[in-house]
Amino acid sequence: MRHNWKHAAAVFLACVGCSLALGFLLPSYWRVEETLMPVPRSPSGSSGLGALAGLAGGLGGFGMLIGRPASSQDEALAVLASRELFDAYATRENLLPILFASKWDSAGRRWLVSGASVPTLRLGYRLFSRSIRDIDIDRRSGIVTFSITWKDRALAMKWARELVELVNAQMRARAVAQAEHDMHYLDAAIRKAGSDNGSNQLTSALSSAYERSVQDYMFAQGQPEYAFRIIDPPTWPDDRERVWPQRAIFAGLGLVIGIIFAVGAVYAREWWIRRGGDMANTARVISERV
């Protein structure tokens with residue numbers, strides 16, 4: 001190493017320089033976080049038909065057929081992570097050219113690839129769910145941290161905010177439609193029970209379920225944040241809050257790799273010199289014998 005310190009220093013500096021260049025030349029990515037709290041499904045705690053299942057447990061097994069409603073928190077999280085939500089938003093905002101910018105000609109507004117290489121919504125969802133979107137829930141408190149990691153901080157904030165708004169809008173629309181369906185069904189059932197001189201227990205259960213459906217309908221109509229309540233909205237991250245590339249890590253890797261490559265280069269150079277000397281001696285011996 002003492003004899004080849006210049007050679008070793010050149011290899012070491014080249015490795016460190018390349019790692020630092022990569023750290024500064026690679027596109028930077030930032031994480032935008034939004035803190036959410038799932039909202040209970042309705043003030044009554046369950047939908048009209050779901051409540052009817054509990055009230056009518058002894059009516060010929062009718063409650064067993066209806067079953068229990070799913071957790072509103074789990075449903076909201078499933079919708080937030082669903083492919084259907086991404087497909088709807090990606091189609092509305094034309095996200096595929098943004099997600100696969102290297103394959104898109106922005107001037108000509110066309111893909112640079114053809115056939116099976118053209119990105120699809122399925123490929124976009126796979127990239128989005130694996131590398132861009134992250135959902136973390138604290139089961140103890142129920143608080144959800146929804147984050148978007150992207151190289152454009154303005155787009156990351158926009159996606160985080162609008163995806164949650166779309167979840168609220170979709171689940172509110174579904175709740176309104178379900179409540180309207182329940183009210184029509186229960187209203188017809190109440191009329192039929194009255195005309196058939198049904199039991200007071202059945203009539204009472206149907207009336208209670210109808211009242212719950214009305215409450216669900218009014219709650220969904222007047223609740224903009226139907227699935228998630230925003231506790232902490234997304235904010236603009238600072239330059240030093242980048243998550244990729246970590247330049248300090250790149251510099252450390254450059255130092256380690258530089259030392260390894262410098263030592264290896266010195267040993268390779270010494271081996272090559274010794275091999276050249278051995279070949280020269282062999283040629284001299286052969287020439288002397290000839």
# chains A, B, ... in the order shown; residues from 1 in each chain; ligands from 1
call {"tool": "closest_atom_pairs", "arguments": {"of": "stretch 200-271 of chain A", "to": "stretch 166-176 of chain A", "cutoff": "7 Å", "atoms": "only C-alpha atoms", "output": "tab-separated table"}}
result
residue	atom	partner	partner_atom	distance
A:Tyr217	CA	A:Val176	CA	5.4
A:Ala220	CA	A:Arg172	CA	5.6
A:Gln221	CA	A:Val176	CA	6.9
A:Pro224	CA	A:Asn168	CA	6.9
A:Glu225	CA	A:Asn168	CA	5.7
A:Tyr226	CA	A:Asn168	CA	5.2
A:Ala227	CA	A:Asn168	CA	5.1
A:Phe228	CA	A:Asn168	CA	6.6
call {"tool": "write_last_selection", "arguments": {"atoms": "N, CA, C and O atoms", "output": "PDB file, in the first residue's frame"}}
result
ATOM      1  N   TYR A 217     -79.485   8.087   6.927  1.00  0.00           N
ATOM      2  CA  TYR A 217     -79.630   8.922   5.731  1.00  0.00           C
ATOM      3  C   TYR A 217     -79.311  10.386   6.044  1.00  0.00           C
ATOM      4  O   TYR A 217     -78.560  11.037   5.314  1.00  0.00           O
ATOM      5  N   ALA A 220     -75.490  10.809   6.772  1.00  0.00           N
ATOM      6  CA  ALA A 220     -74.657  10.764   5.567  1.00  0.00           C
ATOM      7  C   ALA A 220     -74.824  12.027   4.734  1.00  0.00           C
ATOM      8  O   ALA A 220     -73.847  12.538   4.167  1.00  0.00           O
ATOM      9  N   GLN A 221     -76.033  12.548   4.667  1.00  0.00           N
ATOM     10  CA  GLN A 221     -76.272  13.754   3.869  1.00  0.00           C
ATOM     11  C   GLN A 221     -75.573  14.976   4.465  1.00  0.00           C
ATOM     12  O   GLN A 221     -75.111  15.849   3.721  1.00  0.00           O
ATOM     13  N   PRO A 224     -69.778  15.807   5.563  1.00  0.00           N
ATOM     14  CA  PRO A 224     -68.790  15.768   4.466  1.00  0.00           C
ATOM     15  C   PRO A 224     -67.646  14.796   4.747  1.00  0.00           C
ATOM     16  O   PRO A 224     -67.219  14.070   3.860  1.00  0.00           O
ATOM     17  N   GLU A 225     -67.136  14.778   5.980  1.00  0.00           N
ATOM     18  CA  GLU A 225     -66.067  13.848   6.357  1.00  0.00           C
ATOM     19  C   GLU A 225     -66.728  12.572   6.871  1.00  0.00           C
ATOM     20  O   GLU A 225     -66.715  12.274   8.063  1.00  0.00           O
ATOM     21  N   TYR A 226     -67.254  11.792   5.948  1.00  0.00           N
ATOM     22  CA  TYR A 226     -68.075  10.644   6.340  1.00  0.00           C
ATOM     23  C   TYR A 226     -67.229   9.467   6.800  1.00  0.00           C
ATOM     24  O   TYR A 226     -67.569   8.793   7.773  1.00  0.00           O
ATOM     25  N   ALA A 227     -66.131   9.168   6.111  1.00  0.00           N
ATOM     26  CA  ALA A 227     -65.305   8.007   6.451  1.00  0.00           C
ATOM     27  C   ALA A 227     -64.133   8.389   7.351  1.00  0.00           C
ATOM     28  O   ALA A 227     -63.818   7.679   8.304  1.00  0.00           O
ATOM     29  N   PHE A 228     -63.453   9.502   7.028  1.00  0.00           N
ATOM     30  CA  PHE A 228     -62.276   9.929   7.779  1.00  0.00           C
ATOM     31  C   PHE A 228     -62.418  11.405   8.149  1.00  0.00           C
ATOM     32  O   PHE A 228     -62.783  12.229   7.313  1.00  0.00           O
TER      33      PHE A 228
END
call {"tool": "residues_around", "arguments": {"residues": "stretch 121-138 of chain A", "least_positions_apart": "6", "cutoff": "8 Å", "atoms": "only C-alpha atoms", "output": "JSON, numbers by chain"}}
result
{"A": [81, 83, 86, 87, 90, 96, 99, 144, 145, 146, 147, 148, 149, 150]}
call {"tool": "atom_distance", "arguments": {"atom1": "atom CA of A:Pro119", "atom2": "atom CA of A:Ala101"}}
result
10.4 Å
call {"tool": "select_by_dssp", "arguments": {"residues": "stretch 18-251 of chain A", "states": "strand (DSSP E)", "output": "JSON, numbers by chain"}}
result
{"A": [29, 30, 31, 32, 33, 34, 35, 36, 37, 38, 104, 105, 110, 111, 133, 134, 135, 136, 137, 144, 145, 146, 147, 148, 149, 150, 228, 229, 230, 231, 232, 242, 243, 244]}
call {"tool": "select_by_dssp", "arguments": {"residues": "stretch 44-278 of chain A", "states": "helix (DSSP H, G or I)", "output": "VMD selection string"}}
result
chain A and resid 48 to 55 62 to 66 72 to 80 83 to 93 96 to 99 101 to 103 115 to 117 121 to 132 153 to 195 200 to 221 239 to 241 247 to 278
call {"tool": "residues_around", "arguments": {"residues": "A:Ser28", "least_positions_apart": "4", "cutoff": "8 Å", "atoms": "only C-alpha atoms", "output": "PyMOL selection string"}}
result
chain A and resi 151+242-245
